[in-house]
>>> print(open('final-v5.cif').read())   # mmCIF, C-alpha atoms
data_run
#
loop_
_atom_site.label_atom_id
_atom_site.label_comp_id
_atom_site.auth_asym_id
_atom_site.auth_seq_id
_atom_site.Cartn_x
_atom_site.Cartn_y
_atom_site.Cartn_z
CA MET F 907 0.00 0.00 0.00
CA HIS F 908 1.26 3.46 -0.91
CA ALA F 909 1.42 6.47 1.41
CA TRP F 910 -0.51 9.58 0.35
CA CYS F 911 -1.07 13.17 1.52
CA ASP F 912 -4.50 14.80 1.11
CA ILE F 913 -3.88 18.55 1.02
CA GLY F 914 -7.56 19.54 1.11
CA VAL F 915 -10.06 18.32 3.71
CA ASN F 916 -13.05 20.27 5.05
CA LEU F 917 -13.15 18.05 8.12
CA PHE F 918 -15.51 20.26 10.12
CA SER F 919 -18.17 20.22 7.45
CA GLY F 920 -21.46 19.22 9.01
CA GLN F 921 -21.38 16.15 6.78
CA PHE F 922 -18.69 14.68 9.05
CA ASP F 923 -20.35 15.49 12.38
CA THR F 924 -21.43 11.92 13.08
CA ASP F 925 -18.26 10.02 12.16
CA ARG F 926 -15.24 12.35 12.09
CA GLU F 927 -12.93 9.91 13.88
CA ALA F 928 -14.06 7.06 11.62
CA VAL F 929 -13.28 9.18 8.56
CA LEU F 930 -9.77 9.62 9.88
CA GLN F 931 -9.40 5.89 10.52
CA ARG F 932 -10.61 5.00 7.02
CA ALA F 933 -8.07 7.45 5.61
CA ALA F 934 -5.25 5.80 7.56
CA ASP F 935 -6.44 2.35 6.44
CA ALA F 936 -6.23 3.56 2.82
CA GLY F 937 -2.65 4.83 3.28
CA VAL F 938 -3.53 8.54 3.55
CA VAL F 939 -0.98 9.40 6.22
CA GLN F 940 -1.17 13.20 6.16
CA LEU F 941 -4.19 15.49 6.07
CA ILE F 942 -4.23 19.23 5.53
CA LEU F 943 -7.46 20.64 6.96
CA ILE F 944 -8.89 23.77 5.35
CA GLY F 945 -9.71 26.84 7.44
CA SER F 946 -12.27 29.05 5.72
CA ASP F 947 -12.75 31.51 8.58
CA LEU F 948 -11.26 32.14 12.02
CA ALA F 949 -13.71 29.89 13.89
CA GLU F 950 -13.13 26.91 11.60
CA SER F 951 -9.38 27.50 11.71
CA GLN F 952 -9.49 27.36 15.52
CA GLN F 953 -11.54 24.14 15.42
CA ASN F 954 -9.01 22.64 13.02
CA ILE F 955 -6.06 23.64 15.21
CA ALA F 956 -7.56 22.00 18.30
CA PHE F 957 -8.26 18.82 16.32
CA CYS F 958 -4.77 18.73 14.79
CA HIS F 959 -3.13 18.95 18.21
CA GLN F 960 -4.95 15.75 19.11
CA HIS F 961 -4.13 13.88 15.88
CA SER F 962 -0.60 13.34 14.58
CA GLY F 963 -0.24 13.73 10.83
CA CYS F 964 -2.94 16.42 10.70
CA PHE F 965 -2.14 20.06 9.94
CA THR F 966 -4.31 23.00 8.96
CA THR F 967 -4.50 26.25 7.08
CA ALA F 968 -5.88 29.40 8.70
CA GLY F 969 -7.51 32.21 6.80
CA ILE F 970 -10.61 33.87 5.36
CA HIS F 971 -12.36 32.39 2.33
CA PRO F 972 -13.70 35.03 -0.10
CA HIS F 973 -17.25 33.95 0.75
CA GLN F 974 -16.54 35.05 4.34
CA ALA F 975 -14.80 38.34 3.49
CA ALA F 976 -17.87 40.45 4.29
CA GLY F 977 -18.12 38.99 7.78
CA THR F 978 -14.62 39.74 9.01
CA ALA F 979 -14.16 41.49 12.33
CA ALA F 980 -12.25 44.77 12.45
CA ASP F 981 -9.33 43.02 14.16
CA TYR F 982 -9.37 39.84 12.05
CA LEU F 983 -5.77 40.33 10.91
CA GLN F 984 -4.51 40.44 14.50
CA GLN F 985 -6.53 37.32 15.32
CA LEU F 986 -5.25 35.55 12.22
CA THR F 987 -1.65 36.52 13.01
CA THR F 988 -2.02 34.83 16.39
CA LEU F 989 -3.42 31.65 14.83
CA LEU F 990 -0.57 31.53 12.31
CA GLN F 991 1.93 31.25 15.15
CA ASP F 992 0.57 27.82 16.07
CA PRO F 993 2.91 25.05 14.85
CA LYS F 994 -0.02 23.10 13.40
CA VAL F 995 -0.86 25.97 11.00
CA ILE F 996 1.14 25.52 7.81
CA ALA F 997 -0.44 27.99 5.33
CA VAL F 998 -2.51 31.18 5.03
CA GLY F 999 -5.93 30.51 3.57
CA GLU F 1000 -8.19 29.36 2.13
CA CYS F 1001 -8.03 32.83 0.61
CA GLY F 1002 -8.66 34.27 -2.82
CA LEU F 1003 -11.46 35.54 -5.02
CA ASP F 1004 -14.83 34.10 -6.01
CA PHE F 1005 -16.61 36.10 -8.70
CA ASN F 1006 -18.94 33.19 -9.43
CA ARG F 1007 -21.14 33.34 -6.36
CA ASP F 1008 -20.18 36.82 -5.13
CA PHE F 1009 -21.22 36.08 -1.55
CA SER F 1010 -19.03 39.05 -0.55
CA PRO F 1011 -18.70 42.33 -2.52
CA ARG F 1012 -15.80 42.10 -4.96
CA PRO F 1013 -13.87 45.14 -3.64
CA LEU F 1014 -14.00 43.65 -0.14
CA GLN F 1015 -12.92 40.24 -1.41
CA GLN F 1016 -9.91 41.88 -3.06
CA GLN F 1017 -9.01 43.85 0.06
CA VAL F 1018 -9.19 40.85 2.40
CA PHE F 1019 -7.27 38.72 -0.11
CA ALA F 1020 -4.47 41.29 -0.51
CA GLU F 1021 -4.22 41.72 3.26
CA GLN F 1022 -3.81 37.97 3.74
CA LEU F 1023 -1.13 37.79 1.05
CA GLN F 1024 0.81 40.55 2.78
CA LEU F 1025 0.47 38.69 6.06
CA ALA F 1026 1.68 35.46 4.45
CA ASN F 1027 4.80 37.28 3.27
CA THR F 1028 5.33 38.70 6.76
CA VAL F 1029 5.05 35.36 8.55
CA ALA F 1030 6.83 33.46 5.73
CA LYS F 1031 4.10 30.87 5.17
CA PRO F 1032 2.72 29.63 1.85
CA VAL F 1033 -0.72 30.70 0.64
CA TYR F 1034 -3.65 28.35 0.05
CA LEU F 1035 -5.55 29.81 -2.87
CA HIS F 1036 -9.18 29.75 -4.00
CA GLN F 1037 -10.11 31.16 -7.40
CA ARG F 1038 -13.39 31.01 -9.28
CA ASP F 1039 -14.21 33.15 -12.32
CA ALA F 1040 -11.65 35.72 -11.14
CA PHE F 1041 -8.43 34.59 -12.81
CA GLU F 1042 -7.14 37.87 -14.26
CA THR F 1043 -7.86 39.89 -11.12
CA GLN F 1044 -6.33 37.24 -8.86
CA LEU F 1045 -3.22 36.95 -11.01
CA ALA F 1046 -2.70 40.72 -10.87
CA ILE F 1047 -3.04 40.80 -7.07
CA LEU F 1048 -0.66 37.85 -6.65
CA LYS F 1049 1.93 39.54 -8.86
CA GLU F 1050 1.57 42.83 -7.00
CA SER F 1051 2.01 41.01 -3.69
CA GLN F 1052 5.04 39.11 -5.05
CA VAL F 1053 3.74 35.83 -3.71
CA SER F 1054 5.83 32.87 -4.84
CA ARG F 1055 4.98 30.08 -2.37
CA GLY F 1056 1.61 28.46 -2.27
CA VAL F 1057 -0.88 26.16 -3.95
CA SER F 1058 -3.73 26.70 -6.35
CA HIS F 1059 -6.27 24.66 -4.40
CA CYS F 1060 -8.72 22.58 -6.44
CA PHE F 1061 -7.30 23.71 -9.79
CA THR F 1062 -9.85 23.22 -12.59
CA GLY F 1063 -8.52 25.66 -15.18
CA ASP F 1064 -6.96 25.38 -18.61
CA THR F 1065 -3.34 25.17 -19.74
CA ALA F 1066 -2.88 28.95 -20.01
CA GLN F 1067 -4.05 29.48 -16.42
CA LEU F 1068 -1.90 26.59 -15.25
CA LYS F 1069 1.22 28.07 -16.81
CA ALA F 1070 0.51 31.45 -15.19
CA TRP F 1071 0.32 29.83 -11.74
CA LEU F 1072 3.47 27.80 -12.42
CA ASP F 1073 5.32 30.96 -13.51
CA LEU F 1074 4.53 32.46 -10.11
CA GLY F 1075 6.11 29.43 -8.43
CA LEU F 1076 2.85 27.89 -7.21
CA TYR F 1077 2.05 24.23 -6.69
CA ILE F 1078 -1.11 22.79 -8.26
CA GLY F 1079 -3.78 20.90 -6.31
CA ILE F 1080 -5.65 18.25 -8.33
CA THR F 1081 -8.98 16.84 -7.12
CA GLY F 1082 -11.56 14.32 -8.27
CA TRP F 1083 -12.77 16.94 -10.75
CA LEU F 1084 -10.30 15.16 -13.04
CA CYS F 1085 -12.52 12.05 -12.85
CA ASP F 1086 -15.52 13.80 -14.44
CA GLU F 1087 -15.52 13.15 -18.19
CA ARG F 1088 -18.27 15.78 -18.70
CA ARG F 1089 -16.39 18.83 -17.51
CA ALA F 1090 -12.70 17.95 -17.04
CA SER F 1091 -11.44 18.06 -20.64
CA GLU F 1092 -9.45 21.30 -20.19
CA LEU F 1093 -8.04 20.08 -16.89
CA ARG F 1094 -7.02 16.75 -18.41
CA GLN F 1095 -5.11 18.60 -21.13
CA ALA F 1096 -3.47 20.92 -18.58
CA LEU F 1097 -2.45 17.98 -16.38
CA GLN F 1098 0.19 17.00 -18.94
CA TYR F 1099 2.02 20.30 -18.31
CA ILE F 1100 2.27 20.09 -14.50
CA PRO F 1101 5.88 19.38 -13.45
CA LEU F 1102 5.91 16.38 -11.14
CA ASP F 1103 7.63 18.40 -8.42
CA ARG F 1104 4.69 20.89 -8.36
CA LEU F 1105 1.82 18.39 -8.23
CA LEU F 1106 -0.34 17.93 -5.14
CA LEU F 1107 -3.42 15.73 -4.63
CA GLU F 1108 -6.54 16.54 -2.65
CA THR F 1109 -10.09 15.35 -2.18
CA ASP F 1110 -11.70 18.65 -1.07
CA ALA F 1111 -13.84 16.29 1.05
CA PRO F 1112 -16.77 16.11 1.53
CA TYR F 1113 -17.17 17.78 -1.87
CA LEU F 1114 -16.22 16.62 -5.38
CA LEU F 1115 -16.88 12.91 -5.02
CA PRO F 1116 -15.15 11.35 -8.08
CA ARG F 1117 -17.88 10.79 -10.65
CA ASP F 1118 -16.34 7.56 -11.98
CA LEU F 1119 -16.21 5.87 -8.59
CA THR F 1120 -18.02 2.52 -8.46
CA PRO F 1121 -19.73 1.66 -6.31
CA LYS F 1122 -20.46 5.12 -4.96
CA PRO F 1123 -20.70 5.46 -1.17
CA ALA F 1124 -24.25 5.53 0.17
CA SER F 1125 -23.51 8.90 1.78
CA ARG F 1126 -22.65 10.45 -1.64
CA ARG F 1127 -19.86 12.12 0.28
CA ASN F 1128 -16.20 12.38 -0.63
CA GLU F 1129 -13.61 11.61 2.04
CA PRO F 1130 -9.81 11.31 2.33
CA ALA F 1131 -9.88 7.50 2.02
CA LEU F 1132 -10.80 8.02 -1.65
CA LEU F 1133 -7.62 9.97 -2.44
CA PRO F 1134 -5.84 6.85 -3.81
CA HIS F 1135 -8.57 6.65 -6.47
CA ILE F 1136 -7.67 10.17 -7.61
CA GLY F 1137 -3.99 9.25 -7.49
CA ALA F 1138 -4.60 6.19 -9.66
CA THR F 1139 -6.46 8.35 -12.19
CA VAL F 1140 -3.59 10.85 -12.35
CA ALA F 1141 -1.00 8.07 -12.67
CA ARG F 1142 -2.94 6.46 -15.52
CA MET F 1143 -3.36 9.75 -17.40
CA LEU F 1144 0.33 10.62 -17.00
CA GLN F 1145 1.44 7.02 -17.68
CA LEU F 1146 3.31 7.06 -14.39
CA ASP F 1147 4.06 4.30 -11.92
CA ILE F 1148 1.60 4.87 -9.08
CA ALA F 1149 4.24 4.27 -6.39
CA ARG F 1150 6.38 7.02 -7.92
CA LEU F 1151 3.43 9.41 -8.03
CA ALA F 1152 2.56 8.71 -4.40
CA ARG F 1153 6.15 9.32 -3.24
CA GLN F 1154 6.52 12.48 -5.30
CA THR F 1155 3.27 14.06 -4.16
CA VAL F 1156 4.00 13.30 -0.49
CA ASP F 1157 7.45 14.84 -0.92
CA ASN F 1158 5.87 17.89 -2.57
CA CYS F 1159 3.43 18.28 0.33
CA ARG F 1160 6.24 18.14 2.85
CA ASN F 1161 8.41 20.55 0.87
CA LEU F 1162 5.75 23.21 0.30
CA PHE F 1163 4.38 23.13 3.84
CA GLN F 1164 7.79 22.56 5.49
CA LEU F 1165 6.70 19.44 7.33
CA GLU F 1166 10.05 17.66 7.42
CA GLY F 1167 11.01 16.93 10.99
CA ARG F 1168 7.47 17.71 12.21
CA LEU F 1169 5.96 14.33 11.57
CA PRO F 1170 5.93 11.23 13.79
#
>>> encode(input="final-v5.cif", output="structure tokens")
Amino acid sequence: MHAWCDIGVNLFSGQFDTDREAVLQRAADAGVVQLILIGSDLAESQQNIAFCHQHSGCFTTAGIHPHQAAGTAADYLQQLTTLLQDPKVIAVGECGLDFNRDFSPRPLQQQVFAEQLQLANTVAKPVYLHQRDAFETQLAILKESQVSRGVSHCFTGDTAQLKAWLDLGLYIGITGWLCDERRASELRQALQYIPLDRLLLETDAPYLLPRDLTPKPASRRNEPALLPHIGATVARMLQLDIARLARQTVDNCRNLFQLEGRLP
């Protein structure tokens, strides 16, 4: 069995309220030895931190998702700075822009995003990026902030967008979106251009259950134990040995998030 790292888990989604520990055990049984929990606001980031201190191999991001930008407290940056000092917090985010749903006004999204990028530079942590229908604006803000360490979480774009993120120095997070033959054609083409040392794998659990999974779980819920299925899909499309892909993506996770020496 191969060892894997899932760099995107929304573990405090309500969908996991009844069996969170079992989800973790199933992940371990499937060889998923490291989990990166996603913090979408300060409260969730704090929940994640407490959980990670009780579970070896679990780390978390801390930040403000663009959907939450309108609800930030006046002192959110001070609060976030404090959270980022915790050794279990390995990245700033999930942060970015979402011009698809526009749950927060766009100018406010951009302000909160830019402030978090500046903070990431100050505390020398990578950024964990969300982007939906806002590519050009996000690219401009990232360039202005001179961000060079981070990951494009749940990348679903085309080859041109991929190359722009790679030129910035970013890693690329690939999810089960790749397993959807209806809407993943551009992503499947772009996959061929991702350098192996920039590739990361994630479930984005409980979302994005791989469409080609059979049988599908009764819960219709994605979870970290299904990451090897995504890995097998990537290995097949890249004509790579799956053991090599597993090793490389775990190494990439540890390199980006500076986890060497911090694991059991």
>>> closest_residue(input="final-v5.cif", among="F:Val1033, F:Ala980, F:Leu990, F:Met907", to="Pro1134 of chain F", atoms="all atoms listed in the file")
F:Met907
>>> resolve_selection(input="final-v5.cif", expression="the PyMOL selection byres ((chain F and resi 1074) around 10)", output="list in words")
Leu1045, Leu1048, Lys1049, Gln1052, Val1053, Ser1054, Arg1055, Gly1056, Lys1069, Ala1070, Trp1071, Leu1072, Asp1073, Gly1075, Leu1076 and Tyr1077 of chain F
>>> residues_near_point(input="final-v5.cif", point="(-9.3, 25.7, 14.6)", cutoff="12 Å", atoms="all atoms listed in the file", output="ChimeraX atom specification")
/F:916-918,943-960,964-969,985-986,988-990,992,994-995
>>> atom_distance(input="final-v5.cif", atom1="atom CA of Gly999 of chain F", atom2="atom CA of Cys911 of chain F")
18.1 Å
>>> closest_residue(input="final-v5.cif", among="F:Pro1121, F:Pro1032, F:Gly914, F:Pro1130", to="Phe1061 of chain F", atoms="all atoms listed in the file")
F:Gly914
>>> closest_residue(input="final-v5.cif", among="F:Gln1098, F:Gln984, F:Thr1139, F:Gln1016", to="Arg1117 of chain F", atoms="only C-alpha atoms")
F:Thr1139
>>> resolve_selection(input="final-v5.cif", expression="the PyMOL selection byres ((chain F and resi 935) around 12)", output="list in words")
Met907, His908, Ala909, Trp910, Ala928, Val929, Leu930, Gln931, Arg932, Ala933, Ala934, Ala936, Gly937, Val938, Val939, Pro1130, Ala1131, Leu1132, Leu1133 and Pro1134 of chain F
>>> atom_distance(input="final-v5.cif", atom1="atom CA of Leu1035 of chain F", atom2="atom CA of Ile1047 of chain F")
12.0 Å
>>> residues_around(input="final-v5.cif", residues="segment 1100-1111 of chain F", least_positions_apart="6", cutoff="7 Å", atoms="all atoms listed in the file", output="PyMOL selection string")
chain F and resi 912-916+1077-1082+1128-1130+1133+1154-1155+1158-1159
>>> atom_distance(input="final-v5.cif", atom1="atom CA of Phe1019 of chain F", atom2="atom CA of Gly1002 of chain F")
5.4 Å
>>> resolve_selection(input="final-v5.cif", expression="the PyMOL selection byres ((chain F and resi 1021-1031) around 7)", output="number ranges by chain")
F: 996-998, 1017-1020, 1032-1033, 1051
>>> residues_around(input="final-v5.cif", residues="Pro1011 of chain F", least_positions_apart="2", cutoff="10 Å", atoms="all atoms listed in the file", output="ChimeraX atom specification")
/F:972-973,975-976,1004-1005,1008-1009,1013-1016
>>> axis_aligned_box(input="final-v5.cif", around="segment 923-930 of chain F", padding_each_side="3 Å", output="lines of an AutoDock Vina configuration file")
center_x = -15.6
center_y = 11.3
center_z = 11.2
size_x = 17.7
size_y = 14.4
size_z = 11.3
>>> decode(input="final-v5.cif", residues="segment 999-1057 of chain F", atoms="C-alpha atoms", output="CSV table (one decimal), in the first residue's frame")
chain,number,residue,atom,x,y,z
F,999,GLY,CA,-5.9,30.5,3.6
F,1000,GLU,CA,-8.2,29.4,2.1
F,1001,CYS,CA,-8.0,32.8,0.6
F,1002,GLY,CA,-8.7,34.3,-2.8
F,1003,LEU,CA,-11.5,35.5,-5.0
F,1004,ASP,CA,-14.8,34.1,-6.0
F,1005,PHE,CA,-16.6,36.1,-8.7
F,1006,ASN,CA,-18.9,33.2,-9.4
F,1007,ARG,CA,-21.1,33.3,-6.4
F,1008,ASP,CA,-20.2,36.8,-5.1
F,1009,PHE,CA,-21.2,36.1,-1.6
F,1010,SER,CA,-19.0,39.1,-0.5
F,1011,PRO,CA,-18.7,42.3,-2.5
F,1012,ARG,CA,-15.8,42.1,-5.0
F,1013,PRO,CA,-13.9,45.1,-3.6
F,1014,LEU,CA,-14.0,43.6,-0.1
F,1015,GLN,CA,-12.9,40.2,-1.4
F,1016,GLN,CA,-9.9,41.9,-3.1
F,1017,GLN,CA,-9.0,43.9,0.1
F,1018,VAL,CA,-9.2,40.8,2.4
F,1019,PHE,CA,-7.3,38.7,-0.1
F,1020,ALA,CA,-4.5,41.3,-0.5
F,1021,GLU,CA,-4.2,41.7,3.3
F,1022,GLN,CA,-3.8,38.0,3.7
F,1023,LEU,CA,-1.1,37.8,1.0
F,1024,GLN,CA,0.8,40.6,2.8
F,1025,LEU,CA,0.5,38.7,6.1
F,1026,ALA,CA,1.7,35.5,4.5
F,1027,ASN,CA,4.8,37.3,3.3
F,1028,THR,CA,5.3,38.7,6.8
F,1029,VAL,CA,5.1,35.4,8.6
F,1030,ALA,CA,6.8,33.5,5.7
F,1031,LYS,CA,4.1,30.9,5.2
F,1032,PRO,CA,2.7,29.6,1.8
F,1033,VAL,CA,-0.7,30.7,0.6
F,1034,TYR,CA,-3.6,28.3,0.0
F,1035,LEU,CA,-5.6,29.8,-2.9
F,1036,HIS,CA,-9.2,29.8,-4.0
F,1037,GLN,CA,-10.1,31.2,-7.4
F,1038,ARG,CA,-13.4,31.0,-9.3
F,1039,ASP,CA,-14.2,33.2,-12.3
F,1040,ALA,CA,-11.7,35.7,-11.1
F,1041,PHE,CA,-8.4,34.6,-12.8
F,1042,GLU,CA,-7.1,37.9,-14.3
F,1043,THR,CA,-7.9,39.9,-11.1
F,1044,GLN,CA,-6.3,37.2,-8.9
F,1045,LEU,CA,-3.2,36.9,-11.0
F,1046,ALA,CA,-2.7,40.7,-10.9
F,1047,ILE,CA,-3.0,40.8,-7.1
F,1048,LEU,CA,-0.7,37.9,-6.6
F,1049,LYS,CA,1.9,39.5,-8.9
F,1050,GLU,CA,1.6,42.8,-7.0
F,1051,SER,CA,2.0,41.0,-3.7
F,1052,GLN,CA,5.0,39.1,-5.0
F,1053,VAL,CA,3.7,35.8,-3.7
F,1054,SER,CA,5.8,32.9,-4.8
F,1055,ARG,CA,5.0,30.1,-2.4
F,1056,GLY,CA,1.6,28.5,-2.3
F,1057,VAL,CA,-0.9,26.2,-3.9
